[in-house]
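Structure record follows, encoded as structure tokens.
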Amino acid sequence: MNTLIVYFSKFGHTRMVAESIAEGLEAVGPVRLLSSDQLTPSDLKDVEFVVMGSPTHRMNLPEAVRPIFENLPKRILRGKSVAAFDTSYRMSPILARFTASKKLAQKLRKLGGKRVVPPETFHVMEREGPLYEGEIERANTWAKAILERIEDHKA
Ligand SMILES: Cc1cc2nc3c(=O)[nH]c(=O)nc-3n(C[C@H](O)[C@H](O)[C@H](O)COP(=O)(O)O)c2cc1C
């Protein structure tokens, strides 16, 4: 499976999570990691699975991430599997509704992507990190669980 992981990271933690997810997915094919400011429509050609990740900023997608969706043709993700994650503080269930991954998941769906797992959050202790212990491993496990889901979808 040819995978593209697109991430935005201000302090480096979302990138670390993205790298751990990449490692988990590499078992089944090539995985390319790309910073969101580098993404162009041609990067999505020939890709079967697209993962997007970003920190939550002000209970939303960071402003730096929003323009990337304006530059993508409608339905460009049709027929592709998609998944979204974010890094955020540990929040109450009410505030946890407002994460970057939920917004990313909406955008990916709107572009025609097939959601294979619900959006996931990995937690940081403070604004500039670090991640809580075990989050990098959890990201790797999340990736492996995604692979099982994709196999189920195909079956
Ligand atoms: C301007 C700004 C706003 C933030 N707002 C939120 C927020 O609303 N909710 C939250 O959980 N974390 C918030 N954070 C914390 C970020 O989620 C945290 O910086 C991020 O997970 C670290 O990831 P990074 O190292 O990839 O940048 C905010 C951080 C910044 C810089």
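Every chain in the structure tokens has a letter given in the order shown (A, B, ...), and although residue numbers restart at 1 in each chain, ligands are simply numbered from 1 in the order shown.
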
Pick out the residues no farther than 6 Å from ligand 1, counting only C-alpha atoms and all ligand atoms, and list them as a ChimeraX atom specification. /A:9-15,55-59,87-89,124,127-129

Would you output that residue set with C-alpha atoms, as a short mmCIF file (atom, residue, chain, number, x, y, z; two decimals), in the first residue's frame?
```cif
data_model
loop_
_atom_site.label_atom_id
_atom_site.label_comp_id
_atom_site.auth_asym_id
_atom_site.auth_seq_id
_atom_site.Cartn_x
_atom_site.Cartn_y
_atom_site.Cartn_z
CA SER A 9 4.20 20.64 13.41
CA LYS A 10 5.21 23.84 15.17
CA PHE A 11 7.36 22.38 17.96
CA GLY A 12 8.18 18.95 16.48
CA HIS A 13 5.83 16.63 18.40
CA THR A 14 3.27 16.07 15.67
CA ARG A 15 6.18 15.23 13.39
CA PRO A 55 -1.58 20.09 16.43
CA THR A 56 -4.81 21.62 17.70
CA HIS A 57 -4.53 25.42 17.87
CA ARG A 58 -7.28 27.46 19.53
CA MET A 59 -9.65 24.48 19.39
CA THR A 87 -1.64 16.41 19.11
CA SER A 88 -3.43 18.29 21.88
CA TYR A 89 -3.65 18.71 25.64
CA VAL A 124 1.22 16.70 25.00
CA ARG A 127 2.22 23.81 24.68
CA GLU A 128 5.82 23.07 23.63
CA GLY A 129 5.67 19.42 24.74
#
```

Could you give me the residues within stretch 33-111 of chain A that DSSP places in strand (DSSP E), as JSON, numbers by chain? {"A": [33, 34, 35, 49, 50, 51, 52, 53, 54, 55, 81, 82, 83, 84, 85, 86, 87, 88]}

Going by DSSP on the backbone, which bits of chain A are helix (DSSP H, G or I)? Write them as a PyMOL selection string, please. chain A and resi 13-28+36-38+41-44+66-70+95-97+100-110+135-154

Just write the chosen residues, C-alpha atoms, as a compact mmCIF listing (two decimals), in the first residue's frame.
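Below is the file result-v4.txt, written as the result:
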```txt
# COMPACT_ATOMS: atom_id res chain seq x y z
CA HIS A 13 5.83 16.63 18.40
CA THR A 14 3.27 16.07 15.67
CA ARG A 15 6.18 15.23 13.39
CA MET A 16 7.44 12.65 15.91
CA VAL A 17 3.97 11.07 16.01
CA ALA A 18 3.85 11.11 12.19
CA GLU A 19 7.22 9.33 12.05
CA SER A 20 6.03 6.65 14.44
CA ILE A 21 2.87 6.12 12.36
CA ALA A 22 5.07 5.89 9.25
CA GLU A 23 7.15 3.17 10.89
CA GLY A 24 4.00 1.22 11.70
CA LEU A 25 2.75 1.45 8.12
CA GLU A 26 6.02 0.64 6.40
CA ALA A 27 5.37 -3.07 6.86
CA VAL A 28 2.93 -2.98 3.94
CA SER A 36 1.85 20.29 4.88
CA ASP A 37 3.40 23.42 3.35
CA GLN A 38 5.01 21.23 0.67
CA PRO A 41 -2.05 17.86 -5.85
CA SER A 42 0.52 15.70 -7.68
CA ASP A 43 1.72 14.27 -4.35
CA LEU A 44 -1.66 12.56 -4.01
CA ARG A 66 -6.09 25.73 6.34
CA PRO A 67 -4.80 27.03 2.95
CA ILE A 68 -3.63 23.59 1.81
CA PHE A 69 -7.24 22.52 1.29
CA GLU A 70 -7.95 25.52 -0.93
CA LEU A 95 -13.48 20.32 24.86
CA ALA A 96 -12.17 17.17 23.19
CA ARG A 97 -14.83 17.68 20.52
CA ALA A 100 -7.64 19.48 14.78
CA SER A 101 -8.08 15.82 13.82
CA LYS A 102 -11.87 16.13 13.74
CA LYS A 103 -11.55 19.12 11.41
CA LEU A 104 -8.99 17.29 9.28
CA ALA A 105 -11.25 14.25 9.06
CA GLN A 106 -14.11 16.46 7.80
CA LYS A 107 -11.88 18.03 5.17
CA LEU A 108 -10.56 14.64 4.02
CA ARG A 109 -14.08 13.30 3.67
CA LYS A 110 -15.18 16.35 1.74
CA GLU A 135 2.33 8.30 23.06
CA ILE A 136 4.95 7.48 20.42
CA GLU A 137 4.34 3.76 20.96
CA ARG A 138 0.57 4.34 20.90
CA ALA A 139 0.94 6.06 17.53
CA ASN A 140 2.75 2.99 16.19
CA THR A 141 0.00 0.72 17.54
CA TRP A 142 -2.66 3.00 16.01
CA ALA A 143 -0.97 2.60 12.62
CA LYS A 144 -1.01 -1.18 12.92
CA ALA A 145 -4.69 -1.15 13.89
CA ILE A 146 -5.37 0.92 10.77
CA LEU A 147 -3.74 -1.75 8.62
CA GLU A 148 -6.10 -4.35 10.04
CA ARG A 149 -9.09 -2.10 9.30
CA ILE A 150 -7.98 -1.55 5.74
CA GLU A 151 -7.60 -5.30 5.25
CA ASP A 152 -11.15 -5.77 6.63
CA HIS A 153 -12.47 -3.14 4.19
CA LYS A 154 -10.91 -5.01 1.30
```

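Picture a line from atom CA of A:Lys74 to atom CA of A:Gly112; it runs 7.9 Å.
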
Rounded to one decimal in Å, what is the spacing between atom CA of A:Gly29 and atom CA of A:Gly113? 19.5 Å
